[in-house]
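entry_21.tsv (TSV, C-alpha atoms) appears below.
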chain	number	residue	atom	x	y	z
A	103	MET	CA	5.21	20.90	-11.83
A	104	VAL	CA	7.99	20.84	-9.18
A	105	LEU	CA	7.04	21.35	-5.55
A	106	ASN	CA	9.16	22.62	-2.67
A	107	PRO	CA	12.73	21.98	-3.81
A	108	SER	CA	14.78	20.77	-0.85
A	109	ALA	CA	18.22	19.40	-1.64
A	110	PRO	CA	19.50	16.80	0.83
A	111	THR	CA	21.97	18.19	3.35
A	112	ASN	CA	23.65	14.85	4.13
A	113	PRO	CA	25.39	13.37	1.05
A	114	SER	CA	25.65	9.94	2.72
A	115	ILE	CA	21.85	9.57	2.68
A	116	PRO	CA	20.48	8.41	-0.70
A	117	SER	CA	18.24	11.06	-2.25
A	118	VAL	CA	15.05	10.40	-4.18
A	119	ILE	CA	12.60	12.24	-6.39
A	120	LEU	CA	8.95	11.83	-5.45
A	121	VAL	CA	6.38	11.69	-8.24
A	122	GLY	CA	2.60	11.88	-7.93
A	123	VAL	CA	-0.04	11.96	-10.65
A	124	ASP	CA	-3.41	13.65	-10.08
A	125	PHE	CA	-6.12	11.66	-11.85
A	126	GLY	CA	-8.88	13.77	-10.32
A	127	LEU	CA	-9.44	11.50	-7.33
A	128	PRO	CA	-10.48	13.24	-4.08
A	129	HIS	CA	-7.70	11.78	-1.90
A	130	PHE	CA	-4.77	12.98	-4.04
A	131	ASP	CA	-1.96	14.32	-1.84
A	132	ALA	CA	-0.93	17.42	-3.81
A	133	ASP	CA	2.11	18.08	-1.59
A	134	LEU	CA	3.18	14.40	-1.55
A	135	GLU	CA	3.52	14.85	2.20
A	136	GLU	CA	2.71	11.26	3.13
A	137	LEU	CA	5.00	9.81	0.45
A	138	GLY	CA	7.75	12.08	1.76
A	139	GLN	CA	7.21	10.76	5.29
A	140	LEU	CA	7.33	7.21	4.00
A	141	ALA	CA	10.58	7.94	2.13
A	142	GLN	CA	12.19	9.48	5.20
A	143	THR	CA	11.02	6.57	7.36
A	144	ALA	CA	12.70	4.20	4.88
A	145	GLY	CA	15.97	6.17	5.16
A	146	PHE	CA	15.83	8.41	2.07
A	147	ALA	CA	16.29	12.15	1.71
A	148	VAL	CA	13.80	13.92	-0.56
A	149	ALA	CA	15.52	15.85	-3.36
A	150	GLU	CA	12.46	17.04	-5.29
A	151	ARG	CA	8.70	16.52	-5.51
A	152	VAL	CA	7.03	16.39	-8.91
A	153	THR	CA	3.30	16.32	-9.62
A	154	CYS	CA	1.29	16.39	-12.81
A	155	LYS	CA	-2.30	15.93	-13.96
A	156	ARG	CA	-3.53	13.26	-16.33
A	157	ARG	CA	-6.91	11.81	-17.26
A	158	ALA	CA	-5.49	8.27	-17.21
A	159	PRO	CA	-2.09	6.60	-16.70
A	160	ASP	CA	0.16	6.34	-19.74
A	161	PRO	CA	0.28	2.59	-20.59
A	162	ALA	CA	4.03	2.64	-21.18
A	163	LEU	CA	5.51	5.29	-18.85
A	164	PHE	CA	2.61	6.11	-16.49
A	165	VAL	CA	3.43	9.86	-16.67
A	166	GLY	CA	3.99	10.18	-20.43
A	167	THR	CA	7.15	10.79	-22.44
A	168	GLY	CA	7.45	14.55	-21.80
A	169	LYS	CA	7.14	14.30	-18.03
A	170	ALA	CA	9.52	11.32	-17.96
A	171	ASP	CA	12.16	13.40	-19.77
A	172	GLU	CA	11.59	16.22	-17.26
A	173	ILE	CA	12.10	13.84	-14.34
A	174	LYS	CA	15.31	12.51	-15.96
A	175	LEU	CA	16.78	16.02	-16.24
A	176	LEU	CA	15.74	16.77	-12.65
A	177	ALA	CA	17.44	13.61	-11.42
A	178	GLN	CA	20.64	14.53	-13.22
A	179	SER	CA	20.67	18.04	-11.78
A	180	THR	CA	19.95	16.95	-8.20
A	181	GLY	CA	22.02	13.77	-8.16
A	182	ALA	CA	19.02	11.71	-7.07
A	183	SER	CA	19.69	7.97	-6.92
A	184	GLU	CA	16.11	6.73	-7.20
A	185	VAL	CA	12.59	7.76	-8.22
A	186	LEU	CA	9.56	6.92	-6.09
A	187	PHE	CA	5.98	7.03	-7.39
A	188	ASP	CA	3.00	7.65	-5.10
A	189	GLN	CA	0.84	5.25	-7.10
A	190	ALA	CA	1.33	1.57	-7.90
A	191	LEU	CA	3.18	0.87	-11.16
A	192	SER	CA	2.70	-2.14	-13.39
A	193	PRO	CA	5.80	-4.28	-14.03
A	194	ALA	CA	5.96	-3.02	-17.63
A	195	GLN	CA	5.69	0.65	-16.59
A	196	GLN	CA	8.38	0.15	-13.99
A	197	ARG	CA	10.70	-1.50	-16.53
A	198	ASN	CA	10.10	1.20	-19.17
A	199	LEU	CA	10.66	4.02	-16.69
A	200	GLU	CA	13.95	2.53	-15.52
A	201	ARG	CA	15.15	2.26	-19.12
A	202	THR	CA	14.13	5.88	-19.84
A	203	LEU	CA	15.42	7.45	-16.61
A	204	GLY	CA	18.51	5.29	-16.16
A	205	LEU	CA	17.67	5.00	-12.44
A	206	PRO	CA	15.91	2.52	-10.16
A	207	VAL	CA	12.17	3.24	-10.09
A	208	ASN	CA	9.90	1.97	-7.33
A	209	ASP	CA	6.35	2.64	-6.20
A	210	ARG	CA	4.48	3.22	-2.97
A	211	THR	CA	3.86	-0.51	-2.54
A	212	LEU	CA	7.54	-1.51	-2.50
A	213	LEU	CA	8.36	1.46	-0.25
A	214	ILE	CA	5.85	0.27	2.35
A	215	LEU	CA	7.20	-3.26	2.06
A	216	GLN	CA	10.73	-1.97	2.65
A	217	ILE	CA	9.65	-0.12	5.80
A	218	PHE	CA	7.85	-3.19	7.09
A	219	ALA	CA	10.96	-5.30	6.46
A	220	GLN	CA	13.05	-2.83	8.48
A	221	ARG	CA	10.63	-2.67	11.40
A	222	ALA	CA	9.38	-6.24	11.86
A	223	ARG	CA	10.76	-7.74	15.06
A	224	SER	CA	8.72	-10.82	15.94
A	225	HIS	CA	8.97	-14.15	14.14
A	226	GLU	CA	5.39	-13.75	12.91
A	227	GLY	CA	5.96	-10.22	11.69
A	228	LYS	CA	9.05	-11.25	9.71
A	229	LEU	CA	7.15	-14.13	8.13
A	230	GLN	CA	4.32	-11.82	7.11
A	231	VAL	CA	6.66	-9.27	5.54
A	232	GLU	CA	8.57	-12.01	3.70
A	233	LEU	CA	5.34	-13.41	2.24
A	234	ALA	CA	4.21	-9.99	1.02
A	235	ARG	CA	7.65	-9.30	-0.47
A	236	LEU	CA	7.73	-12.63	-2.32
A	237	GLN	CA	4.24	-12.09	-3.70
A	238	TYR	CA	5.23	-8.63	-4.92
A	239	LEU	CA	8.48	-9.84	-6.53
A	240	SER	CA	6.70	-12.67	-8.33
A	241	THR	CA	5.02	-10.07	-10.57
A	242	ARG	CA	8.33	-8.31	-11.27
A	243	LEU	CA	10.30	-11.19	-12.79
A	244	VAL	CA	10.03	-9.76	-16.31
A	245	ARG	CA	11.79	-6.60	-15.12
A	246	ARG	CA	14.44	-8.32	-13.03
A	247	TRP	CA	15.53	-10.67	-15.81
A	248	SER	CA	15.13	-8.33	-18.79
A	249	HIS	CA	18.94	-8.12	-19.14
A	250	LEU	CA	19.14	-11.81	-20.13
A	251	GLU	CA	19.08	-12.53	-23.85
A	252	ARG	CA	16.22	-14.52	-25.38
A	253	GLN	CA	16.61	-16.79	-28.40
A	254	SER	CA	13.98	-16.95	-31.09
A	255	GLY	CA	11.79	-20.04	-31.15
A	256	GLY	CA	11.84	-22.71	-33.79
A	257	ILE	CA	11.63	-26.46	-34.39
A	258	GLY	CA	13.24	-28.24	-31.48
A	259	MET	CA	13.87	-24.97	-29.58
A	260	ARG	CA	12.16	-23.98	-26.33
A	261	GLY	CA	13.58	-20.53	-25.71
A	262	GLY	CA	16.77	-18.94	-24.51
A	263	PRO	CA	18.58	-18.69	-21.16
A	264	GLY	CA	16.49	-15.68	-20.14
A	265	GLU	CA	13.28	-17.65	-20.35
A	266	THR	CA	14.87	-20.55	-18.45
A	267	GLN	CA	16.09	-18.23	-15.70
A	268	ILE	CA	12.63	-16.67	-15.34
A	269	GLU	CA	11.06	-20.10	-15.02
A	270	LEU	CA	13.62	-21.19	-12.42
A	271	ASP	CA	13.21	-17.98	-10.46
A	272	ARG	CA	9.43	-18.20	-10.54
A	273	ARG	CA	9.59	-21.77	-9.27
A	274	MET	CA	11.94	-20.74	-6.44
A	275	ILE	CA	9.64	-17.89	-5.41
A	276	ASN	CA	6.54	-20.09	-5.56
A	277	ASP	CA	8.27	-22.68	-3.36
A	278	ALA	CA	9.29	-19.96	-0.89
A	279	VAL	CA	5.72	-18.58	-0.84
A	280	LYS	CA	4.36	-22.08	-0.11
A	281	ARG	CA	6.82	-22.63	2.77
A	282	THR	CA	6.11	-19.21	4.27
A	283	LYS	CA	2.34	-19.74	4.07
A	284	GLU	CA	2.70	-23.09	5.85
A	285	ARG	CA	4.69	-21.47	8.66
A	286	LEU	CA	2.15	-18.67	8.96
A	287	GLU	CA	-0.66	-21.22	9.12
A	288	LYS	CA	0.99	-22.65	12.25
A	289	VAL	CA	1.03	-19.16	13.75
A	290	LYS	CA	-2.69	-18.76	12.99
A	291	LYS	CA	-3.43	-22.06	14.74
A	292	GLN	CA	-1.46	-20.90	17.80
A	293	ARG	CA	-3.44	-17.66	17.87
A	294	ALA	CA	-6.71	-19.56	17.50
A	295	THR	CA	-5.77	-21.67	20.52
A	296	GLN	CA	-5.00	-18.53	22.52
A	297	ARG	CA	-8.36	-17.00	21.49
A	298	ARG	CA	-10.25	-20.10	22.62
A	299	GLN	CA	-8.50	-19.93	25.97
A	300	ARG	CA	-9.55	-16.27	26.34
A	301	GLU	CA	-13.13	-17.16	25.41
A	302	ARG	CA	-13.20	-19.86	28.08
A	303	ARG	CA	-12.02	-17.29	30.60
A	304	ASP	CA	-14.78	-14.95	29.38
A	305	ALA	CA	-12.14	-12.34	28.55
A	306	PHE	CA	-13.20	-8.97	27.10
A	307	THR	CA	-10.83	-8.05	24.27
A	308	ILE	CA	-10.16	-4.56	22.91
A	309	SER	CA	-8.00	-3.75	19.87
A	310	LEU	CA	-6.52	-0.37	18.98
A	311	VAL	CA	-6.80	0.34	15.27
A	312	GLY	CA	-6.30	3.46	13.21
A	313	TYR	CA	-4.26	5.27	10.60
A	314	THR	CA	-0.50	5.07	11.03
A	315	ASN	CA	0.95	7.76	13.30
A	316	ALA	CA	-2.44	8.54	14.85
A	317	GLY	CA	-1.03	7.79	18.30
A	318	LYS	CA	-2.26	4.25	18.98
A	319	SER	CA	0.88	3.15	20.82
A	320	SER	CA	0.90	6.33	22.93
A	321	ILE	CA	-2.71	5.71	23.99
A	322	PHE	CA	-1.84	2.06	24.64
A	323	ASN	CA	1.03	3.13	26.90
A	324	GLY	CA	-1.16	5.70	28.65
A	325	LEU	CA	-3.90	3.17	29.40
A	326	VAL	CA	-1.83	0.18	30.55
A	327	LYS	CA	1.28	2.03	31.78
A	328	ALA	CA	3.40	0.05	29.34
A	329	ARG	CA	6.53	1.00	27.43
A	330	ALA	CA	5.60	-0.08	23.93
A	331	TYR	CA	7.67	1.72	21.30
A	332	ALA	CA	6.00	4.95	20.22
A	333	ALA	CA	7.42	7.60	17.91
A	334	ASP	CA	6.24	10.43	15.66
A	335	GLN	CA	6.80	8.42	12.49
A	336	LEU	CA	4.89	6.15	10.15
A	337	PHE	CA	4.62	2.48	11.09
A	338	ALA	CA	6.40	2.78	14.42
A	339	THR	CA	4.53	-0.36	15.52
A	340	LEU	CA	4.32	-3.49	13.36
A	341	ASP	CA	3.99	-6.35	15.82
A	342	THR	CA	0.86	-6.76	17.92
A	343	THR	CA	1.39	-6.10	21.64
A	344	THR	CA	-1.20	-7.29	24.17
A	345	ARG	CA	-1.46	-6.29	27.83
A	346	GLN	CA	-4.01	-6.56	30.61
A	347	LEU	CA	-5.89	-3.35	31.48
A	348	TYR	CA	-7.67	-3.36	34.85
A	349	LEU	CA	-10.88	-1.33	34.88
A	350	GLY	CA	-11.74	-0.56	38.49
A	351	GLU	CA	-15.29	0.56	37.72
A	352	ALA	CA	-15.98	-2.76	35.99
A	353	GLY	CA	-14.15	-4.73	38.65
A	354	ARG	CA	-12.22	-6.81	36.14
A	355	PRO	CA	-9.31	-6.73	33.68
A	356	VAL	CA	-9.65	-6.62	29.92
A	357	SER	CA	-7.21	-7.58	27.18
A	358	LEU	CA	-5.89	-4.58	25.20
A	359	SER	CA	-3.97	-5.05	21.91
A	360	ASP	CA	-2.00	-2.50	19.92
A	361	THR	CA	-1.99	-3.40	16.21
A	362	VAL	CA	-0.20	-2.24	13.07
A	363	GLY	CA	-1.32	1.09	11.65
A	364	PHE	CA	-3.26	1.36	8.40
A	365	ILE	CA	-2.51	3.67	5.49
A	366	ARG	CA	-4.13	4.86	2.28
A	367	ASP	CA	-3.72	2.39	-0.58
A	368	LEU	CA	-2.34	-0.28	1.74
A	369	PRO	CA	-1.02	-3.00	-0.60
A	370	HIS	CA	-3.47	-5.90	-0.74
A	371	GLY	CA	-0.53	-8.27	-0.38
A	372	LEU	CA	0.15	-6.78	3.02
A	373	VAL	CA	-3.50	-7.07	4.05
A	374	ASP	CA	-3.40	-10.76	3.14
A	375	ALA	CA	0.02	-11.35	4.67
A	376	PHE	CA	-0.91	-9.62	7.93
A	377	ALA	CA	-4.19	-11.51	8.26
A	378	ALA	CA	-2.91	-13.33	11.34
A	379	THR	CA	-1.97	-10.10	13.11
A	380	LEU	CA	-5.09	-8.23	12.03
A	381	GLN	CA	-7.16	-11.17	13.25
A	382	GLU	CA	-6.84	-9.58	16.69
A	383	ALA	CA	-9.10	-6.79	15.43
A	384	THR	CA	-11.55	-9.19	13.79
A	385	ASP	CA	-12.01	-11.22	16.99
A	386	ALA	CA	-12.14	-8.24	19.38
A	387	ASP	CA	-15.22	-7.35	21.41
A	388	LEU	CA	-14.51	-3.66	20.86
A	389	LEU	CA	-12.31	-1.54	18.58
A	390	LEU	CA	-10.76	1.72	19.70
A	391	HIS	CA	-10.48	3.53	16.36
A	392	VAL	CA	-7.76	6.12	17.02
A	393	VAL	CA	-7.85	9.25	14.84
A	394	ASP	CA	-5.33	12.10	14.58
A	395	ALA	CA	-7.76	14.96	15.22
A	396	SER	CA	-5.07	17.55	14.39
A	397	ASN	CA	-4.62	16.22	10.84
A	398	PRO	CA	-6.72	18.14	8.28
A	399	ALA	CA	-7.14	14.91	6.29
A	400	HIS	CA	-8.46	12.88	9.21
A	401	THR	CA	-11.80	12.27	7.47
A	402	GLU	CA	-10.05	10.56	4.54
A	403	GLN	CA	-7.90	8.60	6.99
A	404	ILE	CA	-11.01	7.31	8.79
A	405	ALA	CA	-12.37	6.14	5.42
A	406	SER	CA	-9.09	4.34	4.64
A	407	VAL	CA	-9.17	2.50	7.97
A	408	MET	CA	-12.81	1.51	7.46
A	409	GLY	CA	-11.88	0.14	4.04
A	410	VAL	CA	-9.20	-2.13	5.49
A	411	LEU	CA	-11.52	-3.22	8.32
A	412	LYS	CA	-14.03	-4.30	5.67
A	413	ASP	CA	-11.29	-6.21	3.83
A	414	ILE	CA	-10.45	-8.24	6.96
A	415	GLY	CA	-14.07	-8.67	8.08
A	416	ALA	CA	-13.82	-6.43	11.15
A	417	ASP	CA	-16.15	-3.63	10.05
A	418	GLN	CA	-19.05	-5.03	12.09
A	419	VAL	CA	-17.11	-5.05	15.38
A	420	PRO	CA	-18.41	-2.28	17.73
A	421	GLN	CA	-16.21	0.82	17.75
A	422	ILE	CA	-15.39	3.86	19.84
A	423	LEU	CA	-13.79	6.71	17.91
A	424	VAL	CA	-10.87	8.11	19.90
A	425	PHE	CA	-9.92	11.53	18.51
A	426	ASN	CA	-6.32	11.87	19.73
A	427	LYS	CA	-3.85	14.80	19.78
A	428	LEU	CA	-6.27	17.22	21.42
A	429	ASP	CA	-3.23	19.24	22.51
A	430	ALA	CA	-2.08	19.68	18.89
A	431	MET	CA	-5.41	20.92	17.54
A	432	ASP	CA	-5.96	24.51	16.49
A	433	PRO	CA	-7.51	26.20	19.57
A	434	ALA	CA	-10.34	27.46	17.38
A	435	THR	CA	-11.31	23.86	16.48
A	436	VAL	CA	-11.13	22.34	19.97
A	437	PRO	CA	-14.64	21.03	20.77
A	438	GLN	CA	-16.56	22.28	23.79
A	439	VAL	CA	-17.93	18.77	24.39
A	440	LEU	CA	-15.27	16.07	24.57
A	441	CYS	CA	-17.56	13.07	24.26
A	442	ASP	CA	-20.36	12.85	21.74
A	443	ALA	CA	-21.33	10.68	18.76
A	444	MET	CA	-20.36	10.69	15.11
A	445	GLU	CA	-22.04	9.04	12.14
A	446	LEU	CA	-19.86	6.36	10.60
A	447	ASP	CA	-21.09	4.24	7.68
A	448	GLY	CA	-24.68	5.15	8.51
A	449	GLN	CA	-24.40	4.33	12.22
A	450	SER	CA	-23.99	6.52	15.28
A	451	VAL	CA	-20.62	5.73	16.90
A	452	PRO	CA	-19.42	7.09	20.29
A	453	ARG	CA	-16.57	9.58	20.00
A	454	ILE	CA	-14.23	10.92	22.67
A	455	HIS	CA	-11.44	13.49	22.36
A	456	VAL	CA	-8.21	12.75	24.25
A	457	SER	CA	-4.53	13.65	24.34
A	458	ALA	CA	-2.10	10.78	24.85
A	459	GLN	CA	0.66	13.39	25.24
A	460	THR	CA	-0.90	15.19	28.22
A	461	GLY	CA	-3.20	12.42	29.45
A	462	ALA	CA	-6.32	14.54	29.01
A	463	GLY	CA	-9.43	12.44	28.52
A	464	LEU	CA	-7.80	9.05	29.26
A	465	ALA	CA	-9.65	8.69	32.58
A	466	ASP	CA	-12.92	9.38	30.77
A	467	LEU	CA	-11.96	6.80	28.15
A	468	ARG	CA	-11.41	4.19	30.88
A	469	HIS	CA	-14.85	5.04	32.27
A	470	LEU	CA	-16.38	4.55	28.82
A	471	LEU	CA	-14.61	1.19	28.45
A	472	ALA	CA	-15.89	0.08	31.87
A	473	GLU	CA	-19.43	0.90	30.74
A	474	ARG	CA	-19.01	-1.32	27.68
A	475	VAL	CA	-17.68	-4.21	29.77
A	476	LEU	CA	-20.55	-3.96	32.23
A	477	ALA	CA	-23.07	-3.70	29.37
A	478	LYS	CA	-21.74	-6.96	27.87
A	479	LYS	CA	-21.90	-8.68	31.25
A	480	ALA	CA	-25.51	-7.54	31.70
A	481	GLY	CA	-26.43	-8.78	28.21
A	482	PRO	CA	-27.20	-7.05	24.91
A	483	ASP	CA	-29.24	-3.87	25.23
A	484	PRO	CA	-30.23	-2.18	21.96
A	485	ASP	CA	-30.84	1.07	23.81
A	486	THR	CA	-27.27	1.24	25.17
A	487	ALA	CA	-25.72	2.61	21.97
A	488	GLY	CA	-25.24	6.36	22.06
A	489	LYS	CA	-25.61	6.74	25.86
A	490	PHE	CA	-22.62	8.24	27.60
A	491	SER	CA	-23.74	8.54	31.22
A	492	GLY	CA	-23.33	12.28	31.41
A	493	PHE	CA	-20.26	12.48	29.14
A	494	GLU	CA	-22.13	14.94	26.92
A	495	SER	CA	-21.41	17.66	29.44
A	496	LEU	CA	-17.64	17.13	29.52
A	497	ALA	CA	-15.71	20.16	28.27
A	498	PRO	CA	-11.99	20.81	27.84
Translate this structure into structure tokens?
Amino acid sequence: MVLNPSAPTNPSIPSVILVGVDFGLPHFDADLEELGQLAQTAGFAVAERVTCKRRAPDPALFVGTGKADEIKLLAQSTGASEVLFDQALSPAQQRNLERTLGLPVNDRTLLILQIFAQRARSHEGKLQVELARLQYLSTRLVRRWSHLERQSGGIGMRGGPGETQIELDRRMINDAVKRTKERLEKVKKQRATQRRQRERRDAFTISLVGYTNAGKSSIFNGLVKARAYAADQLFATLDTTTRQLYLGEAGRPVSLSDTVGFIRDLPHGLVDAFAATLQEATDADLLLHVVDASNPAHTEQIASVMGVLKDIGADQVPQILVFNKLDAMDPATVPQVLCDAMELDGQSVPRIHVSAQTGAGLADLRHLLAERVLAKKAGPDPDTAGKFSGFESLAP
């Protein structure tokens, strides 16, 4: 089934065909909207979108022979230069698809890696992206060297030049992975030293987390009056930015960090590679979980973020849900009460609606943060959770 044909208007931009397979899972993106945003962020123009339904992936071609032939004809008619799959492909499936289609075939994982490579600016960020890329490529050697001939084995024979090249390449990648991990370990030690210094100063640390493009950087800028890069695109922020936020009601500053955005099916290699950056969230006293309230799929996005937080061991850090983009919500869905509570993983979590674009609700958010800082200074109080000091009456 072909969705929303839209031929690229700029011939200089490489065009791609997007492919998604519905296996009956609840989070399937039938319009391939997010994959399209990822492709555009990476610098591609979307030529066509193709979806199909299957009970299970085809072991050889993922989509099956008939659908693969359909995609090949579509690529020929549109002049597409590449095919992107919304799901992860095995090395064998990727190799077989490229042979069948006669075009480069990549999956969601490599697309995200490509975007991260384009956006990383800091030394740490570049190291993390390089590690994830090397780990991904190490599983693709069979595809990359399939053009080299292989000799049959026999007495006194150990294999042909293809096998030798694969072994050499694997050794080179493993050496590069080892060097990159060692350099990242130094970065982790530096961060650990900085965290110990903050602990000695009794610093209160807050980390912004959330699905990509939920508006974390905009809220960060609105709270600390900073100029961190913010744009209406996926993964606008990759490197952690930390600033001091003075809370007048608490009479002290706190440390506020803006972290990389999460996404559905975030490659595990990236979770591992970005452990040093995401450690800011693990060690925080409080997480501001930013949600795009105007997105119909925000419930699934919250679940995706919680999944990554569990992977990095940050799911037990106290949270405040910040439902952003109040100005972009359908007027019929705008809540009468801007601050309430929401059940998250069986616990009641404070929730506040704000708009980073207009500034609505940011003053109330600062007030809520000041309450948390004062509560920590006064000591743990099991009855504090769920109290909002009159916030229940706030209305838009």
Kindly compute an axis-aligned box around the listed atoms of region 270-286 of chain A, allowing 8 Å on each side, and express its centre and edge lengths in Å to one decimal as AutoDock Vina command-line options.
--center_x 7.9 --center_y -20.5 --center_z -1.7 --size_x 27.5 --size_y 21.2 --size_z 37.4
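With only C-alpha atoms as the atoms that count, the residue of A:Thr241, A:Ser179, A:Thr282, A:Gln196 with the shortest distance to Phe164 (chain A) is A:Gln196.
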Ref. answer, residues at most 8 Å from (14.3, 16.0, -7.5) with only C-alpha atoms, as a PyMOL selection string: chain A and resi 107+109+118-120+148-152+173+176-177+179-180+182
Near-Leu199 (chain A) list (12 Å; only C-alpha atoms; drop same-chain fewer than 3 positions) as a PyMOL selection string: chain A and resi 160-167+169-171+173-174+184-187+191-196+202-209+245
Counting all atoms listed in the file, the option among A:Gln296, A:Gln237, A:Thr342, A:Gln230 closest to Met274 (chain A):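 The answer is A:Gln237, which sits nearest to Met274 (chain A).
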Counting all atoms listed in the file, give me one row per residue of region 268-363 of chain A with an atom at most 10 Å from an atom of region 411-422 of chain A, showing the shortest contact pair and its distance in Å to one decimal, sorted by chain then residue number, as a Markdown table.
| residue | atom | partner | partner_atom | distance |
| --- | --- | --- | --- | --- |
| A:Ile308 | CA | A:Gln421 | CA | 9.6 |
| A:Ser309 | CA | A:Gln421 | CA | 9.6 |
| A:Leu310 | CA | A:Gln421 | CA | 9.8 |
| A:Val311 | CA | A:Leu411 | CA | 9.1 |
| A:Gly312 | CA | A:Leu411 | CA | 9.8 |
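Reported to one decimal place, the separation of CA of Gln299 (chain A) from CA of Tyr348 (chain A) is 18.8 Å.
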Which residue of A:Pro452, A:Gly371, A:Gly353, A:Gly317 approaches Val392 (chain A) most closely, using only C-alpha atoms: A:Gly317
Residue among A:Asn397, A:Arg242, A:Pro433, A:Ala352 lying closest to Arg197 (chain A), counting all atoms listed in the file: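 Comparing A:Asn397, A:Arg242, A:Pro433, A:Ala352 against Arg197 (chain A), the winner is A:Arg242.
Nearest to Thr460 (chain A) of all the residues A:Gln438, A:Ser406, A:Asn426, A:Thr211 is A:Asn426, counting all atoms listed in the file.
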Could you check which residues have any atom within 12 Å of (-7.4, 12.8, -7.3), counting only C-alpha atoms with coordinates taken straight from the file, and then list them as a PDB file with C-alpha atoms, keeping the file's coordinate frame?
ATOM      1  CA  GLY A 122       2.600  11.880  -7.930  1.00  0.00           C
ATOM      2  CA  VAL A 123      -0.040  11.960 -10.650  1.00  0.00           C
ATOM      3  CA  ASP A 124      -3.410  13.650 -10.080  1.00  0.00           C
ATOM      4  CA  PHE A 125      -6.120  11.660 -11.850  1.00  0.00           C
ATOM      5  CA  GLY A 126      -8.880  13.770 -10.320  1.00  0.00           C
ATOM      6  CA  LEU A 127      -9.440  11.500  -7.330  1.00  0.00           C
ATOM      7  CA  PRO A 128     -10.480  13.240  -4.080  1.00  0.00           C
ATOM      8  CA  HIS A 129      -7.700  11.780  -1.900  1.00  0.00           C
ATOM      9  CA  PHE A 130      -4.770  12.980  -4.040  1.00  0.00           C
ATOM     10  CA  ASP A 131      -1.960  14.320  -1.840  1.00  0.00           C
ATOM     11  CA  ALA A 132      -0.930  17.420  -3.810  1.00  0.00           C
ATOM     12  CA  THR A 153       3.300  16.320  -9.620  1.00  0.00           C
ATOM     13  CA  CYS A 154       1.290  16.390 -12.810  1.00  0.00           C
ATOM     14  CA  LYS A 155      -2.300  15.930 -13.960  1.00  0.00           C
ATOM     15  CA  ARG A 156      -3.530  13.260 -16.330  1.00  0.00           C
ATOM     16  CA  ARG A 157      -6.910  11.810 -17.260  1.00  0.00           C
ATOM     17  CA  ALA A 158      -5.490   8.270 -17.210  1.00  0.00           C
ATOM     18  CA  ASP A 188       3.000   7.650  -5.100  1.00  0.00           C
ATOM     19  CA  GLN A 189       0.840   5.250  -7.100  1.00  0.00           C
TER      20      GLN A 189
END
Val475 (chain A) environment, 12 Å, only C-alpha atoms, sequence neighbours closer than 3 positions dropped, as a ChimeraX atom specification: /A:304-308,347-357,387-388,468-472,478-482,486
Save the residues we just selected, C-alpha atoms, as a JSON list (two decimals), keeping the file's coordinate frame?
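The resulting file, result_8.json, is reproduced below:
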[["chain", "number", "residue", "atom", "x", "y", "z"],
["A", 304, "ASP", "CA", -14.78, -14.95, 29.38],
["A", 305, "ALA", "CA", -12.14, -12.34, 28.55],
["A", 306, "PHE", "CA", -13.20, -8.97, 27.10],
["A", 307, "THR", "CA", -10.83, -8.05, 24.27],
["A", 308, "ILE", "CA", -10.16, -4.56, 22.91],
["A", 347, "LEU", "CA", -5.89, -3.35, 31.48],
["A", 348, "TYR", "CA", -7.67, -3.36, 34.85],
["A", 349, "LEU", "CA", -10.88, -1.33, 34.88],
["A", 350, "GLY", "CA", -11.74, -0.56, 38.49],
["A", 351, "GLU", "CA", -15.29, 0.56, 37.72],
["A", 352, "ALA", "CA", -15.98, -2.76, 35.99],
["A", 353, "GLY", "CA", -14.15, -4.73, 38.65],
["A", 354, "ARG", "CA", -12.22, -6.81, 36.14],
["A", 355, "PRO", "CA", -9.31, -6.73, 33.68],
["A", 356, "VAL", "CA", -9.65, -6.62, 29.92],
["A", 357, "SER", "CA", -7.21, -7.58, 27.18],
["A", 387, "ASP", "CA", -15.22, -7.35, 21.41],
["A", 388, "LEU", "CA", -14.51, -3.66, 20.86],
["A", 468, "ARG", "CA", -11.41, 4.19, 30.88],
["A", 469, "HIS", "CA", -14.85, 5.04, 32.27],
["A", 470, "LEU", "CA", -16.38, 4.55, 28.82],
["A", 471, "LEU", "CA", -14.61, 1.19, 28.45],
["A", 472, "ALA", "CA", -15.89, 0.08, 31.87],
["A", 478, "LYS", "CA", -21.74, -6.96, 27.87],
["A", 479, "LYS", "CA", -21.90, -8.68, 31.25],
["A", 480, "ALA", "CA", -25.51, -7.54, 31.70],
["A", 481, "GLY", "CA", -26.43, -8.78, 28.21],
["A", 482, "PRO", "CA", -27.20, -7.05, 24.91],
["A", 486, "THR", "CA", -27.27, 1.24, 25.17]]
Gap from CA of Val410 (chain A) to CA of Thr314 (chain A) - Å, one decimal: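 Atom-to-atom, CA of Val410 (chain A) to CA of Thr314 (chain A), that is 12.6 Å.
With distances taken over all atoms listed in the file, A:Leu358 is the one residue among A:Leu358, A:Val373, A:Ile214, A:Leu134 lying closest to Phe322 (chain A).
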Point-to-point distance in Å for CA of Val424 (chain A) and CA of His455 (chain A): 5.9 Å
